[in-house]
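Working notes, structure below.
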Amino acid sequence: MENFFTQERIWQSRGPFPHVLVLLGEYPEFREYARIHAELLSKYSKQLGVVPEEWLHSTIQGIHQTLGRKQLAVLRTALRKELSGMQPFEVQLGPVWPGPTAVTVAVYPEEEMAALNSRVRIAADSVPGILLRPRESRFWAHASLAYARADFPDHDLNRALRALRPPRVTITIDHVHLVMQYQHPEQGYYTWDVIEEIQLG
């Protein structure tokens with residue numbers, strides 16, 4: 001694997017920055033899914049930043065700039081308005097994909113997650129002064145169990161992750177959280193302070 005926390009990915013102004021997340025640590029079934037992988041990942045704790053259960057999440061949209069109090073208030077109102085028009089939906093989490101820089105969990109179906117991302121972007125774009133990063137050609141719905149903190153050979157880790165293959169878990173997403181997210185390159189994961197829980201529908 002390759003180090004996730006390269007100079008290009010480390011936040012130069014350190015944050016925290018507003019993000020909209022699905023807090024997966026709230027779901028007991030996903031916490032159990034993560035635990036099934038925890039013993040294996042802990043063997044690579046020097047190379048990986050294994051995400052503690054309370055910080056498990058799926059990022060819907062990041063806003064990588066500092067917002068003023070008025071901007072944040074406008075964003076909260078815009079998110080509530082935009083997400084009130086979207087009904088709750090189910091997703092399946094799994095399998096685990098050992099990627100080039102992180103150990104990630106797939107989220108299906110991608111279409112609903114992409115629609116959620118689109119609504120959040122519409123809300124953020126309506127706030128004067130917010131400049132979002134360019135939209136990806138296809139939204140990648142995923143969660144991360146661990147981030148690489150250094151380059152290291154991962155042949156054995158890849159084989160072991162593929163061998164585990166626990167059943168996927170199903171959850172209902174009926175709310176998201178607007179948070180102020182912190183990046184911790186030394187620890188190898190992200191934390192946050194919750195600003196508001198926002199209901200869908």
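Chain identifiers are assigned as A, B, and so on, following the order in which chains appear in the structure tokens; residues are numbered from 1 within each chain, and ligands are numbered from 1 in order of appearance.
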Once you count only C-alpha atoms, what closest atom pair and distance in Å to one decimal does each residue of stretch 10-64 of chain A within 8 Å of stretch 170-173 of chain A have, with rows by chain and rising residue number, as CSV?
residue,atom,partner,partner_atom,distance
A:Val22,CA,A:Ile173,CA,7.7
A:Tyr27,CA,A:Ile171,CA,7.5
A:Glu29,CA,A:Ile171,CA,7.9
Using only N, CA and C atoms, please write the residues we just selected to a file, as a PDB file, in the first residue's frame.
ATOM      1  N   VAL A  22     -22.290  10.321   7.012  1.00  0.00           N
ATOM      2  CA  VAL A  22     -23.117   9.293   7.633  1.00  0.00           C
ATOM      3  C   VAL A  22     -22.249   8.688   8.735  1.00  0.00           C
ATOM      4  N   TYR A  27     -24.406   2.597  14.035  1.00  0.00           N
ATOM      5  CA  TYR A  27     -25.110   1.381  13.619  1.00  0.00           C
ATOM      6  C   TYR A  27     -24.425   0.154  14.203  1.00  0.00           C
ATOM      7  N   GLU A  29     -24.781  -2.977  13.749  1.00  0.00           N
ATOM      8  CA  GLU A  29     -24.438  -4.015  12.792  1.00  0.00           C
ATOM      9  C   GLU A  29     -23.164  -3.686  12.014  1.00  0.00           C
TER      10      GLU A  29
END
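Using only C-alpha atoms, the residues found no farther than 6 Å from A:Thr104, other than those of its own chain fewer than 3 positions away, are A:Val96, A:Trp97, A:Ala143, A:Ser144, A:Leu145.
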Saved selection, atoms kept: C-alpha atoms, as a PDB file, in the first residue's frame:
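The resulting file, result.pdb, is shown below:
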ATOM      1  CA  VAL A  96     -14.023  -4.820   1.982  1.00  0.00           C
ATOM      2  CA  TRP A  97     -11.725  -3.598  -0.772  1.00  0.00           C
ATOM      3  CA  ALA A 143     -16.339   3.839   4.158  1.00  0.00           C
ATOM      4  CA  SER A 144     -12.770   3.358   5.384  1.00  0.00           C
ATOM      5  CA  LEU A 145     -11.676   0.903   8.045  1.00  0.00           C
TER       6      LEU A 145
END
Give me, as an MDAnalysis selection string, all polymer residues having an atom no more than 9 Å from stretch 35-46 of chain A, counting only C-alpha atoms and skipping those fewer than 5 positions away in the same chain. chainID A and resid 30 53 145:146 149:150 157 160:161 164 166
Write out as a ChimeraX atom specification the set of residues from stretch 39-194 of chain A that DSSP, computed on the backbone, places in helix (DSSP H, G or I). /A:39-42,53-55,69-83,110-125,155-164
Using only C-alpha atoms, which residues sit within 8 Å of stretch 174-177 of chain A once same-chain residues fewer than 4 positions away are excluded, as a PyMOL selection string? chain A and resi 20-23+87-89+194-201
Keeping only N, CA, C and O atoms, write the selected residues as a compact mmCIF listing (two decimals), in the first residue's frame.
# COMPACT_ATOMS: atom_id res chain seq x y z
N VAL A 20 -20.27 16.76 5.58
CA VAL A 20 -21.53 16.04 5.79
C VAL A 20 -21.21 14.55 5.74
O VAL A 20 -20.67 14.06 4.74
N LEU A 21 -21.53 13.85 6.82
CA LEU A 21 -21.16 12.45 6.98
C LEU A 21 -22.36 11.60 7.36
O LEU A 21 -23.32 12.07 7.99
N VAL A 22 -22.29 10.32 7.01
CA VAL A 22 -23.12 9.29 7.63
C VAL A 22 -22.25 8.69 8.73
O VAL A 22 -21.18 8.14 8.45
N LEU A 23 -22.68 8.80 9.98
CA LEU A 23 -21.88 8.31 11.10
C LEU A 23 -22.16 6.82 11.30
O LEU A 23 -23.11 6.43 11.98
N GLN A 87 -36.22 10.84 0.61
CA GLN A 87 -36.71 9.83 1.54
C GLN A 87 -35.58 8.93 2.03
O GLN A 87 -34.57 8.74 1.33
N PRO A 88 -35.71 8.38 3.25
CA PRO A 88 -34.72 7.42 3.75
C PRO A 88 -34.57 6.24 2.78
O PRO A 88 -35.50 5.90 2.03
N PHE A 89 -33.41 5.62 2.82
CA PHE A 89 -33.14 4.49 1.92
C PHE A 89 -32.21 3.50 2.59
O PHE A 89 -31.48 3.83 3.52
N VAL A 194 -19.82 17.29 16.20
CA VAL A 194 -21.12 17.37 15.53
C VAL A 194 -21.69 18.78 15.66
O VAL A 194 -21.70 19.36 16.74
N ILE A 195 -22.14 19.31 14.53
CA ILE A 195 -22.86 20.60 14.53
C ILE A 195 -24.35 20.36 14.58
O ILE A 195 -25.07 20.95 15.38
N GLU A 196 -24.84 19.46 13.71
CA GLU A 196 -26.29 19.23 13.65
C GLU A 196 -26.57 17.88 12.99
O GLU A 196 -25.91 17.48 12.04
N GLU A 197 -27.59 17.20 13.50
CA GLU A 197 -28.16 16.02 12.84
C GLU A 197 -29.29 16.48 11.95
O GLU A 197 -30.15 17.24 12.38
N ILE A 198 -29.28 16.03 10.69
CA ILE A 198 -30.25 16.48 9.72
C ILE A 198 -31.01 15.28 9.18
O ILE A 198 -30.43 14.33 8.65
N GLN A 199 -32.34 15.31 9.33
CA GLN A 199 -33.19 14.21 8.91
C GLN A 199 -33.48 14.25 7.42
O GLN A 199 -33.60 15.32 6.82
N LEU A 200 -33.60 13.07 6.82
CA LEU A 200 -34.10 12.96 5.45
C LEU A 200 -35.62 12.85 5.48
O LEU A 200 -36.18 12.25 6.41
N GLY A 201 -36.25 13.44 4.47
CA GLY A 201 -37.71 13.34 4.38
C GLY A 201 -38.43 14.14 5.43
O GLY A 201 -39.54 13.77 5.84
Would you please extract all strand (DSSP E or B) residues from stretch 43-129 of chain A, as assigned by DSSP on the backbone, and give them as number ranges by chain? A: 48-50, 57-62, 89-98, 102-108
Env of A:Gln61: 7 Å cut, atoms = only C-alpha atoms, seq-sep filter 5 positions within chain, self excluded. Answer as number ranges by chain. A: 19-20, 117, 120
Store the residues picked out above, limited to all heavy atoms, as a short mmCIF file (atom, residue, chain, number, x, y, z; two decimals), in the first residue's frame.
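again-v4.cif, freshly written:
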data_model
loop_
_atom_site.label_atom_id
_atom_site.label_comp_id
_atom_site.auth_asym_id
_atom_site.auth_seq_id
_atom_site.Cartn_x
_atom_site.Cartn_y
_atom_site.Cartn_z
N HIS A 19 -18.02 19.10 7.07
CA HIS A 19 -18.27 17.91 6.26
C HIS A 19 -19.67 17.40 6.56
O HIS A 19 -20.18 17.58 7.68
CB HIS A 19 -17.27 16.79 6.56
CG HIS A 19 -15.94 16.95 5.91
ND1 HIS A 19 -15.10 18.02 6.15
CD2 HIS A 19 -15.28 16.16 5.02
CE1 HIS A 19 -13.98 17.88 5.44
NE2 HIS A 19 -14.07 16.76 4.74
N VAL A 20 -20.27 16.76 5.58
CA VAL A 20 -21.53 16.04 5.79
C VAL A 20 -21.21 14.55 5.74
O VAL A 20 -20.67 14.06 4.74
CB VAL A 20 -22.58 16.42 4.74
CG1 VAL A 20 -23.85 15.58 4.93
CG2 VAL A 20 -22.93 17.90 4.85
N ASN A 117 -25.40 12.84 -2.23
CA ASN A 117 -24.28 13.75 -2.49
C ASN A 117 -24.72 14.94 -3.33
O ASN A 117 -24.35 16.09 -3.06
CB ASN A 117 -23.15 12.99 -3.18
CG ASN A 117 -22.09 13.90 -3.76
OD1 ASN A 117 -22.06 14.13 -4.97
ND2 ASN A 117 -21.21 14.42 -2.92
N VAL A 120 -26.65 17.45 -1.23
CA VAL A 120 -25.77 18.19 -0.32
C VAL A 120 -24.97 19.23 -1.10
O VAL A 120 -24.79 20.37 -0.64
CB VAL A 120 -24.84 17.22 0.43
CG1 VAL A 120 -23.77 17.99 1.21
CG2 VAL A 120 -25.66 16.35 1.40
#
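Residues in contact with A:Thr191 at up to 8 Å, not including ones fewer than 2 positions away on its chain and judged by only C-alpha atoms, are Trp55, Gln181, Tyr182, Gln183, His184, Tyr189 and Asp193 of chain A.
Compared by their closest atoms to A:Arg138, and using only C-alpha atoms, the residues A:Ala124, A:Ala73, A:Leu79, A:Ala114 rank with A:Ala114 nearest.
Candidate residues A:Leu75, A:Ala163, A:Leu132, A:Ala102 were compared for distance to A:Glu2, and the nearest is A:Ala102, using only C-alpha atoms.
Each of A:Ser84, A:Arg76, A:Phe139, A:Pro134 was compared to A:Tyr108 using only C-alpha atoms, and A:Phe139 turns out to be the nearest.
Using only C-alpha atoms for every distance, the candidate list A:His57, A:Arg162, A:His142, A:Arg14 yields A:Arg14 as the residue closest to A:Pro185.
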Quick one: residues within 10 Å of A:Phe17, only C-alpha atoms counted, chain neighbours fewer than 2 positions away excluded, as a VMD selection string? chain A and resid 11 13 to 15 19 62 to 67 179 to 183 192
Quick one: write out the picked residues with all heavy atoms as a CSV table (one decimal), in the first residue's frame?
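Listed below is the output, again_12.csv:
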chain,number,residue,atom,x,y,z
A,11,TRP,N,-4.2,18.5,5.0
A,11,TRP,CA,-4.8,19.8,5.0
A,11,TRP,C,-3.8,20.8,5.4
A,11,TRP,O,-3.3,20.8,6.5
A,11,TRP,CB,-6.0,19.9,5.9
A,11,TRP,CG,-7.1,19.0,5.5
A,11,TRP,CD1,-7.3,18.3,4.3
A,11,TRP,CD2,-8.2,18.6,6.3
A,11,TRP,NE1,-8.4,17.5,4.4
A,11,TRP,CE2,-9.0,17.7,5.6
A,11,TRP,CE3,-8.7,19.0,7.6
A,11,TRP,CZ2,-10.2,17.2,6.1
A,11,TRP,CZ3,-9.8,18.4,8.1
A,11,TRP,CH2,-10.6,17.5,7.4
A,13,SER,N,-4.1,24.1,5.9
A,13,SER,CA,-4.5,25.0,7.0
A,13,SER,C,-5.1,24.3,8.2
A,13,SER,O,-5.7,24.9,9.1
A,13,SER,CB,-5.5,26.0,6.4
A,13,SER,OG,-6.7,25.4,6.0
A,14,ARG,N,-4.9,22.9,8.2
A,14,ARG,CA,-5.2,22.1,9.4
A,14,ARG,C,-6.7,22.0,9.7
A,14,ARG,O,-7.1,21.1,10.4
A,14,ARG,CB,-4.4,22.5,10.6
A,14,ARG,CG,-3.0,22.6,10.4
A,14,ARG,CD,-2.3,21.3,10.0
A,14,ARG,NE,-2.3,20.3,11.0
A,14,ARG,CZ,-1.8,19.1,10.9
A,14,ARG,NH1,-1.3,18.7,9.7
A,14,ARG,NH2,-1.8,18.3,11.9
A,15,GLY,N,-7.6,22.9,9.3
A,15,GLY,CA,-9.0,22.8,9.6
A,15,GLY,C,-9.3,23.2,11.1
A,15,GLY,O,-8.5,23.9,11.7
A,19,HIS,N,-18.0,19.1,7.1
A,19,HIS,CA,-18.3,17.9,6.3
A,19,HIS,C,-19.7,17.4,6.6
A,19,HIS,O,-20.2,17.6,7.7
A,19,HIS,CB,-17.3,16.8,6.6
A,19,HIS,CG,-15.9,17.0,5.9
A,19,HIS,ND1,-15.1,18.0,6.1
A,19,HIS,CD2,-15.3,16.2,5.0
A,19,HIS,CE1,-14.0,17.9,5.4
A,19,HIS,NE2,-14.1,16.8,4.7
A,62,GLY,N,-17.3,17.0,1.6
A,62,GLY,CA,-16.5,17.8,2.4
A,62,GLY,C,-16.4,19.2,1.8
A,62,GLY,O,-16.6,19.4,0.6
A,63,ILE,N,-16.3,20.2,2.7
A,63,ILE,CA,-16.2,21.6,2.4
A,63,ILE,C,-14.8,22.0,3.0
A,63,ILE,O,-14.7,22.2,4.2
A,63,ILE,CB,-17.3,22.5,2.9
A,63,ILE,CG1,-18.6,22.0,2.4
A,63,ILE,CG2,-17.1,23.9,2.6
A,63,ILE,CD1,-19.8,22.6,3.0
A,64,HIS,N,-13.8,22.1,2.1
A,64,HIS,CA,-12.4,22.3,2.6
A,64,HIS,C,-12.0,23.7,2.7
A,64,HIS,O,-11.1,24.2,2.1
A,64,HIS,CB,-11.5,21.5,1.7
A,64,HIS,CG,-11.7,20.0,1.8
A,64,HIS,ND1,-12.6,19.4,0.9
A,64,HIS,CD2,-11.3,19.0,2.6
A,64,HIS,CE1,-12.7,18.1,1.2
A,64,HIS,NE2,-11.8,17.8,2.2
A,65,GLN,N,-12.8,24.5,3.5
A,65,GLN,CA,-12.5,25.9,3.7
A,65,GLN,C,-13.2,26.3,5.0
A,65,GLN,O,-14.1,25.6,5.5
A,65,GLN,CB,-13.0,26.8,2.6
A,65,GLN,CG,-14.5,26.8,2.4
A,65,GLN,CD,-15.0,27.5,1.2
A,65,GLN,OE1,-15.1,26.9,0.1
A,65,GLN,NE2,-15.2,28.8,1.3
A,66,THR,N,-12.7,27.3,5.6
A,66,THR,CA,-13.2,27.8,6.9
A,66,THR,C,-14.5,28.7,6.6
A,66,THR,O,-14.4,29.5,5.7
A,66,THR,CB,-12.2,28.7,7.6
A,66,THR,OG1,-11.1,27.9,7.9
A,66,THR,CG2,-12.8,29.2,9.0
A,67,LEU,N,-15.5,28.5,7.3
A,67,LEU,CA,-16.8,29.2,7.1
A,67,LEU,C,-17.0,30.1,8.3
A,67,LEU,O,-16.7,29.8,9.4
A,67,LEU,CB,-18.0,28.3,6.9
A,67,LEU,CG,-17.9,27.3,5.8
A,67,LEU,CD1,-19.3,26.5,5.7
A,67,LEU,CD2,-17.6,28.0,4.5
A,179,VAL,N,-20.8,18.2,10.4
A,179,VAL,CA,-19.8,18.1,11.5
A,179,VAL,C,-18.6,19.1,11.1
A,179,VAL,O,-18.5,19.5,10.0
A,179,VAL,CB,-19.2,16.7,11.6
A,179,VAL,CG1,-20.3,15.7,11.9
A,179,VAL,CG2,-18.3,16.3,10.4
A,180,MET,N,-17.8,19.4,12.1
A,180,MET,CA,-16.5,20.0,11.9
A,180,MET,C,-15.5,18.9,12.0
A,180,MET,O,-15.3,18.3,13.1
A,180,MET,CB,-16.3,21.1,12.9
A,180,MET,CG,-17.2,22.3,12.7
A,180,MET,SD,-17.1,23.1,11.1
A,180,MET,CE,-15.5,24.0,11.2
A,181,GLN,N,-14.8,18.6,10.9
A,181,GLN,CA,-14.0,17.4,10.8
A,181,GLN,C,-12.5,17.8,11.0
A,181,GLN,O,-12.1,18.8,10.5
A,181,GLN,CB,-14.1,16.7,9.5
A,181,GLN,CG,-13.4,15.3,9.5
A,181,GLN,CD,-13.7,14.5,8.2
A,181,GLN,OE1,-13.4,15.0,7.1
A,181,GLN,NE2,-14.4,13.4,8.4
A,182,TYR,N,-11.8,17.0,11.8
A,182,TYR,CA,-10.3,17.2,12.0
A,182,TYR,C,-9.6,16.0,11.4
A,182,TYR,O,-10.0,14.9,11.4
A,182,TYR,CB,-10.0,17.1,13.5
A,182,TYR,CG,-10.7,18.2,14.3
A,182,TYR,CD1,-12.0,18.0,14.8
A,182,TYR,CD2,-10.1,19.4,14.7
A,182,TYR,CE1,-12.7,18.9,15.6
A,182,TYR,CE2,-10.8,20.4,15.5
A,182,TYR,CZ,-12.0,20.1,15.9
A,182,TYR,OH,-12.7,21.1,16.7
A,183,GLN,N,-8.4,16.4,10.8
A,183,GLN,CA,-7.6,15.4,10.2
A,183,GLN,C,-6.4,15.1,11.1
A,183,GLN,O,-5.7,16.1,11.6
A,183,GLN,CB,-7.1,15.9,8.8
A,183,GLN,CG,-6.2,14.9,8.1
A,183,GLN,CD,-5.7,15.5,6.8
A,183,GLN,OE1,-4.9,16.4,6.9
A,183,GLN,NE2,-6.0,14.9,5.6
A,192,TRP,N,-14.2,14.4,14.6
A,192,TRP,CA,-15.1,15.5,14.3
A,192,TRP,C,-15.9,16.0,15.6
A,192,TRP,O,-16.0,15.2,16.6
A,192,TRP,CB,-16.1,15.2,13.2
A,192,TRP,CG,-16.9,14.0,13.5
A,192,TRP,CD1,-18.0,13.9,14.3
A,192,TRP,CD2,-16.7,12.6,13.0
A,192,TRP,NE1,-18.5,12.6,14.4
A,192,TRP,CE2,-17.7,11.8,13.6
A,192,TRP,CE3,-15.7,12.1,12.1
A,192,TRP,CZ2,-17.7,10.4,13.3
A,192,TRP,CZ3,-15.8,10.8,11.8
A,192,TRP,CH2,-16.8,9.9,12.4
